[in-house]
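As stored in final18.txt (compact mmCIF, C-alpha atoms and all ligand atoms):
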# COMPACT_ATOMS: atom_id res chain seq x y z
CA MET G 31 5.86 18.20 1.19
CA LYS G 32 7.02 15.81 3.94
CA THR G 33 6.05 12.17 3.48
CA ALA G 34 6.01 9.31 5.99
CA LEU G 35 6.03 5.95 4.23
CA ILE G 36 4.96 3.30 6.73
CA TYR G 37 5.12 -0.37 5.81
CA ILE G 38 5.64 -3.91 6.94
CA SER G 39 6.89 -6.87 4.96
CA ARG G 40 7.12 -10.61 5.67
CA HIS G 41 9.51 -11.79 2.97
CA GLY G 42 10.76 -8.47 1.59
CA THR G 43 8.47 -7.63 -1.34
CA THR G 44 6.57 -4.80 0.37
CA GLU G 45 9.90 -3.41 1.56
CA ILE G 46 11.24 -3.33 -2.00
CA ILE G 47 8.03 -1.62 -3.15
CA ALA G 48 8.17 0.90 -0.27
CA GLN G 49 11.75 1.80 -1.27
CA HIS G 50 10.71 2.05 -4.92
CA LEU G 51 7.80 4.39 -4.01
CA ALA G 52 10.14 6.53 -1.90
CA ALA G 53 12.51 6.85 -4.88
CA LEU G 54 9.63 7.78 -7.19
CA ILE G 55 8.33 10.43 -4.76
CA GLY G 56 11.86 11.81 -4.65
CA SER G 57 12.55 14.12 -1.75
CA ASN G 58 11.53 14.45 1.91
CA VAL G 59 10.40 10.85 2.38
CA THR G 60 11.02 8.97 5.64
CA LEU G 61 10.54 5.20 5.63
CA TYR G 62 9.25 3.46 8.76
CA ASN G 63 9.20 -0.32 9.06
CA LEU G 64 6.48 -1.18 11.60
CA GLU G 65 8.42 -4.30 12.52
CA ASN G 66 11.14 -2.13 14.09
CA GLU G 67 9.12 1.00 14.82
CA PRO G 68 5.55 0.00 15.72
CA ASP G 69 4.26 3.53 16.34
CA PRO G 70 5.98 6.25 14.31
CA VAL G 71 4.85 9.79 15.10
CA ILE G 72 3.21 11.26 12.00
CA THR G 73 2.04 14.66 13.23
CA ASP G 74 4.79 16.54 11.36
CA TYR G 75 4.09 14.95 7.98
CA ASP G 76 1.83 16.35 5.24
CA GLN G 77 1.48 13.06 3.43
CA VAL G 78 1.33 9.52 4.81
CA ILE G 79 1.54 6.28 2.83
CA ILE G 80 0.74 2.97 4.52
CA GLY G 81 1.31 -0.47 3.04
CA GLY G 82 1.50 -4.11 4.01
CA SER G 83 1.15 -7.56 2.53
CA ILE G 84 -1.68 -10.07 2.58
CA HIS G 85 -1.26 -13.47 4.21
CA TYR G 86 -4.19 -15.86 4.59
CA GLY G 87 -6.53 -13.06 3.48
CA SER G 88 -5.40 -10.40 5.97
CA ILE G 89 -2.93 -7.56 6.23
CA GLN G 90 -0.49 -7.60 9.18
CA ASP G 91 -1.94 -6.73 12.62
CA GLN G 92 0.74 -4.03 12.98
CA VAL G 93 -0.87 -2.13 10.07
CA LYS G 94 -4.38 -2.55 11.50
CA ASN G 95 -3.24 -1.36 14.94
CA PHE G 96 -1.31 1.59 13.54
CA CYS G 97 -4.37 2.72 11.55
CA LYS G 98 -6.66 2.35 14.58
CA ARG G 99 -4.36 4.27 16.93
CA ASN G 100 -3.77 7.10 14.45
CA LEU G 101 -7.18 7.28 12.79
CA ALA G 102 -7.99 10.90 13.67
CA THR G 103 -4.51 12.16 12.66
CA LEU G 104 -4.59 10.19 9.40
CA LEU G 105 -7.90 11.83 8.47
CA ASP G 106 -6.07 15.13 8.55
CA LYS G 107 -3.31 13.99 6.14
CA LYS G 108 -3.00 13.41 2.47
CA LEU G 109 -3.14 9.63 2.47
CA GLY G 110 -2.12 6.74 0.21
CA LEU G 111 -2.82 3.08 1.03
CA PHE G 112 -1.47 -0.03 -0.65
CA ILE G 113 -1.26 -3.79 -0.35
CA CYS G 114 0.95 -6.49 -1.88
CA CYS G 115 -0.84 -9.73 -2.62
CA ILE G 116 -0.54 -12.52 -5.12
CA LEU G 117 -4.14 -13.48 -5.84
CA ASP G 118 -5.18 -10.87 -8.35
CA SER G 119 -4.87 -7.26 -9.35
CA THR G 120 -8.56 -6.47 -8.91
CA ASP G 121 -10.08 -5.85 -5.51
CA SER G 122 -11.15 -9.26 -4.30
CA GLY G 123 -12.06 -7.65 -0.96
CA GLN G 124 -8.52 -7.94 0.40
CA PHE G 125 -7.85 -4.21 0.07
CA SER G 126 -11.16 -3.13 1.61
CA ARG G 127 -10.62 -5.52 4.53
CA ALA G 128 -7.05 -4.31 5.05
CA PHE G 129 -7.84 -0.70 6.05
CA PRO G 130 -10.68 0.98 7.96
CA ALA G 131 -13.39 2.03 5.45
CA VAL G 132 -13.15 5.64 6.58
CA LEU G 133 -9.44 5.73 5.64
CA GLY G 134 -10.11 4.05 2.31
CA ALA G 135 -12.65 6.77 1.53
CA HIS G 136 -10.29 9.54 2.67
CA SER G 137 -7.24 8.26 0.74
CA VAL G 138 -6.29 9.95 -2.53
CA ALA G 139 -4.39 6.90 -3.81
CA GLN G 140 -5.12 3.20 -3.39
CA GLY G 141 -2.74 0.53 -4.68
CA ILE G 142 -3.00 -3.20 -5.18
CA PHE G 143 0.53 -3.92 -6.34
CA GLU G 144 0.38 -7.73 -6.49
CA GLY G 145 3.64 -9.30 -5.28
CA ASP G 146 6.18 -12.09 -5.35
CA LEU G 147 6.40 -15.60 -4.02
CA ILE G 148 10.06 -16.60 -3.91
CA PHE G 149 10.39 -20.22 -2.78
CA LYS G 150 13.77 -19.93 -1.10
CA LYS G 151 12.34 -17.19 1.17
CA LEU G 152 9.38 -19.30 2.34
CA ASN G 153 9.48 -21.33 5.53
CA PHE G 154 8.82 -25.08 5.59
CA ILE G 155 5.04 -24.83 6.10
CA GLU G 156 4.67 -22.09 3.48
CA ARG G 157 6.53 -24.22 0.89
CA ILE G 158 4.22 -27.15 1.55
CA LEU G 159 1.18 -24.87 1.22
CA PHE G 160 2.19 -23.22 -2.05
CA LYS G 161 4.05 -26.01 -3.87
CA PRO G 162 0.95 -27.64 -5.42
CA SER G 163 -0.69 -24.39 -6.61
CA VAL G 164 2.39 -22.90 -8.32
CA ASP G 165 4.28 -26.13 -9.00
CA GLY G 166 7.27 -25.04 -6.92
CA GLN G 167 7.95 -22.13 -9.27
CA ASP G 168 8.66 -18.58 -8.11
CA VAL G 169 5.90 -16.12 -8.90
CA ILE G 170 7.10 -12.62 -9.74
CA LYS G 171 4.29 -10.23 -10.52
CA ILE G 172 4.83 -6.80 -9.01
CA ASN G 173 2.44 -4.57 -10.94
CA GLU G 174 4.43 -1.58 -12.20
CA LYS G 175 1.33 -0.08 -13.87
CA SER G 176 -0.52 0.07 -10.54
CA ILE G 177 2.54 1.64 -8.91
CA ALA G 178 2.70 4.31 -11.63
CA SER G 179 -1.00 5.06 -11.30
CA PHE G 180 -0.69 5.26 -7.48
CA ILE G 181 2.10 7.85 -7.83
CA LYS G 182 -0.04 9.80 -10.32
CA ASP G 183 -3.02 9.84 -7.92
CA LEU G 184 -0.77 11.05 -5.09
CA ALA G 185 0.29 14.01 -7.17
CA VAL G 186 -3.26 15.46 -7.06
CA PRO G 187 -3.21 18.36 -4.56
CA HIS G 188 -4.73 17.61 -1.12
CA GLY G 189 -8.33 18.84 -0.86
CA PHE G 190 -8.58 19.16 -4.64
CA GLN G 191 -12.22 18.95 -5.70
CA ARG G 192 -13.09 17.89 -9.19
CA THR G 193 -15.64 20.40 -10.44
CA MET G 194 -17.79 20.41 -13.52
CA PRO G 195 -16.34 22.63 -16.23
CA THR G 196 -18.10 25.99 -16.60
CA PRO G 197 -20.50 25.59 -19.51
CA HIS G 198 -19.59 27.58 -22.58
CA ILE G 199 -22.55 29.81 -23.55
CA PRO G 200 -22.09 31.03 -27.09
CA SER G 201 -22.71 34.75 -27.51
CA LYS G 202 -25.56 35.77 -29.80
CA CYS G 203 -24.49 36.73 -33.27
C1 LIG W 1 1.96 -17.95 3.84
C2 LIG W 1 1.49 -17.01 2.76
C3 LIG W 1 0.13 -16.70 2.66
C4 LIG W 1 -0.33 -15.81 1.65
N1 LIG W 1 -1.66 -15.53 1.58
C5 LIG W 1 -2.10 -14.71 0.59
C6 LIG W 1 -3.49 -14.37 0.49
O1 LIG W 1 -4.31 -14.78 1.29
N2 LIG W 1 -3.85 -13.57 -0.54
C7 LIG W 1 -2.97 -13.07 -1.45
O2 LIG W 1 -3.39 -12.37 -2.36
N3 LIG W 1 -1.65 -13.34 -1.36
C8 LIG W 1 -1.20 -14.13 -0.36
N4 LIG W 1 0.14 -14.41 -0.25
C9 LIG W 1 1.08 -13.77 -1.17
C10 LIG W 1 1.78 -12.56 -0.54
O3 LIG W 1 0.86 -11.53 -0.29
C11 LIG W 1 2.88 -12.10 -1.50
O4 LIG W 1 3.85 -13.11 -1.53
C12 LIG W 1 3.50 -10.77 -1.13
O5 LIG W 1 4.39 -10.38 -2.16
C13 LIG W 1 4.24 -10.85 0.18
O6 LIG W 1 4.86 -9.62 0.45
P1 LIG W 1 5.93 -9.47 1.63
O7 LIG W 1 7.12 -10.31 1.22
O8 LIG W 1 6.22 -8.05 1.69
O9 LIG W 1 5.27 -9.97 2.88
C14 LIG W 1 0.60 -15.27 0.73
C15 LIG W 1 1.98 -15.58 0.85
C16 LIG W 1 2.42 -16.43 1.84
C17 LIG W 1 3.90 -16.74 1.93
In structure tokens, what does this structure look like?
Ligand SMILES: Cc1cc2nc3c(=O)[nH]c(=O)nc-3n(C[C@H](O)[C@H](O)[C@H](O)COP(=O)(O)O)c2cc1C
Amino acid sequence: MKTALIYISRHGTTEIIAQHLAALIGSNVTLYNLENEPDPVITDYDQVIIGGSIHYGSIQDQVKNFCKRNLATLLDKKLGLFICCILDSTDSGQFSRAFPAVLGAHSVAQGIFEGDLIFKKLNFIERILFKPSVDGQDVIKINEKSIASFIKDLAVPHGFQRTMPTPHIPSKC
């Protein structure tokens, strides 16, 4: 199965996660950074994974635009979607706002992987913004459990329908 792993990262965390996911998937994975390649062609891929990070409540515009432009094609692929964010591991609405609802419903795997806040990587304004809330300390909270569960969900065959088990009718004695 050929996989396109499409991502964008502001300070490097999503990039590290994208590389980690590619290693976990193993073979036939091509990584595309939307910063350098804003519109990768995905027609030849069976599986597409898209991820970005949340800043001021939103995912990067490059992710939103890529999803809009490729909506019809993405609905024909096995799809995984993920975000990196620091606020919490539950869906505080950031994930559902990040991707079109129709893609969220179509995706077989959804990941909220949390993230990092490394002070030396932040710019001047970002340091001023975050210093009071985290006391100038780095926050390192990539959620390995969510990553493992994302990979597990991706392993389910495309188009697989969960069906009710056939009831067992005991034969008459
Ligand atoms: C300026 C700034 C704004 C952020 N805003 C949010 C936010 O609104 N919600 C959130 O959950 N995390 C927020 N974060 C945390 C980032 O999502 C987190 O640091 C993530 O790991 C960044 O990944 P990246 O380095 O790949 O861009 C913010 C971080 C920065 C630096």
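Between CA of Thr44 in chain G and CA of Gly87 in chain G there is a distance of 15.8 Å.
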Step by step, gather every atom of ligand LIG 1 (chain W) that the file lists, find the box along x, y and z that holds them, add 8 Å on each side, and finally give centre and edge lengths in Å to one decimal, as AutoDock Vina command-line options.
--center_x 1.4 --center_y -13.0 --center_z 0.7 --size_x 27.4 --size_y 25.9 --size_z 22.2
Inset, instruction - Can you work out the spacing between CA of Thr43 in chain G and CA of Asp146 in chain G in Å, to one decimal? - result: 6.4 Å
Legend entry - All residues 10 Å or closer to Gln140 in chain G, only C-alpha atoms, same chain fewer than 5 positions away omitted, as a ChimeraX atom specification: /G:79-81,109-113,125,134-135,176-177,179-181,183-184
Legend entry - One-decimal distance in Å that lies between atom N2 of ligand LIG 1 (chain W) and CA of Ser88 in chain G: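 Atom N2 of ligand LIG 1 (chain W) lies at a distance of 7.4 Å from CA of Ser88 in chain G.
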Throw together the list of residues within 6 Å of ligand LIG 1 (chain W), counting all atoms listed in the file, and drop it here as a short mmCIF file (atom, residue, chain, number, x, y, z; two decimals) with C-alpha atoms, in the coordinates of the input.
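Just written: part_20.cif:
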data_model
loop_
_atom_site.label_atom_id
_atom_site.label_comp_id
_atom_site.auth_asym_id
_atom_site.auth_seq_id
_atom_site.Cartn_x
_atom_site.Cartn_y
_atom_site.Cartn_z
CA SER G 39 6.89 -6.87 4.96
CA ARG G 40 7.12 -10.61 5.67
CA HIS G 41 9.51 -11.79 2.97
CA GLY G 42 10.76 -8.47 1.59
CA THR G 43 8.47 -7.63 -1.34
CA THR G 44 6.57 -4.80 0.37
CA GLU G 45 9.90 -3.41 1.56
CA SER G 83 1.15 -7.56 2.53
CA ILE G 84 -1.68 -10.07 2.58
CA HIS G 85 -1.26 -13.47 4.21
CA TYR G 86 -4.19 -15.86 4.59
CA GLY G 87 -6.53 -13.06 3.48
CA CYS G 114 0.95 -6.49 -1.88
CA CYS G 115 -0.84 -9.73 -2.62
CA ILE G 116 -0.54 -12.52 -5.12
CA LEU G 117 -4.14 -13.48 -5.84
CA GLY G 145 3.64 -9.30 -5.28
CA ASP G 146 6.18 -12.09 -5.35
CA LEU G 147 6.40 -15.60 -4.02
CA GLU G 156 4.67 -22.09 3.48
#
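Shortest atom-to-atom contact with Thr33 in chain G among G:Tyr75, G:Asn66, G:His50, G:Lys107: G:Tyr75, counting all atoms listed in the file.
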Legend entry - Residue among G:Asn153, G:Lys108, G:Gly56, G:Ile148 lying closest to Asp168 in chain G, counting all atoms listed in the file: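 Going through G:Asn153, G:Lys108, G:Gly56, G:Ile148 one by one, the smallest distance to Asp168 in chain G is for G:Ile148.
Using all atoms listed in the file, the shortest contact distance between Leu104 in chain G and any of G:Val186, G:Ala34, G:Ile170, G:Ile155 is found at G:Ala34.
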Inset, instruction - Using all atoms listed in the file, pick whichever of G:Ile72, G:Met31, G:Ile55, G:Val93 has the shortest atom-to-atom distance to Ala178 in chain G. - result: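 Answer, going by the shortest atom-to-atom distance: G:Ile55.
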Legend entry - Using only C-alpha atoms: which of G:Val78, G:Ile142, G:Ile47, G:Ile38 has the shortest distance to Gln124 in chain G: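 The shortest atom-to-atom distance to Gln124 in chain G comes from G:Ile142.
If all atoms listed in the file are the atoms counted, then among G:Ala53, G:Gln92, G:Leu133, G:Glu174 the closest residue to Glu67 in chain G is G:Gln92.
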Legend entry - Contacts of range 95-103 of chain G at 8 Å (all atoms listed in the file; same-chain gap of 5+ positions) as a PyMOL selection string: chain G and resi 68-69+72-73+129-130+133
Residues as selected, C-alpha atoms, written as an mmCIF file, keeping the file's coordinate frame, can you do that?
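Result file follows (again_24.cif):
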data_model
loop_
_atom_site.group_PDB
_atom_site.id
_atom_site.type_symbol
_atom_site.label_atom_id
_atom_site.label_comp_id
_atom_site.auth_asym_id
_atom_site.auth_seq_id
_atom_site.Cartn_x
_atom_site.Cartn_y
_atom_site.Cartn_z
ATOM 1 C CA PRO G 68 5.550 0.000 15.720
ATOM 2 C CA ASP G 69 4.260 3.530 16.340
ATOM 3 C CA ILE G 72 3.210 11.260 12.000
ATOM 4 C CA THR G 73 2.040 14.660 13.230
ATOM 5 C CA PHE G 129 -7.840 -0.700 6.050
ATOM 6 C CA PRO G 130 -10.680 0.980 7.960
ATOM 7 C CA LEU G 133 -9.440 5.730 5.640
#
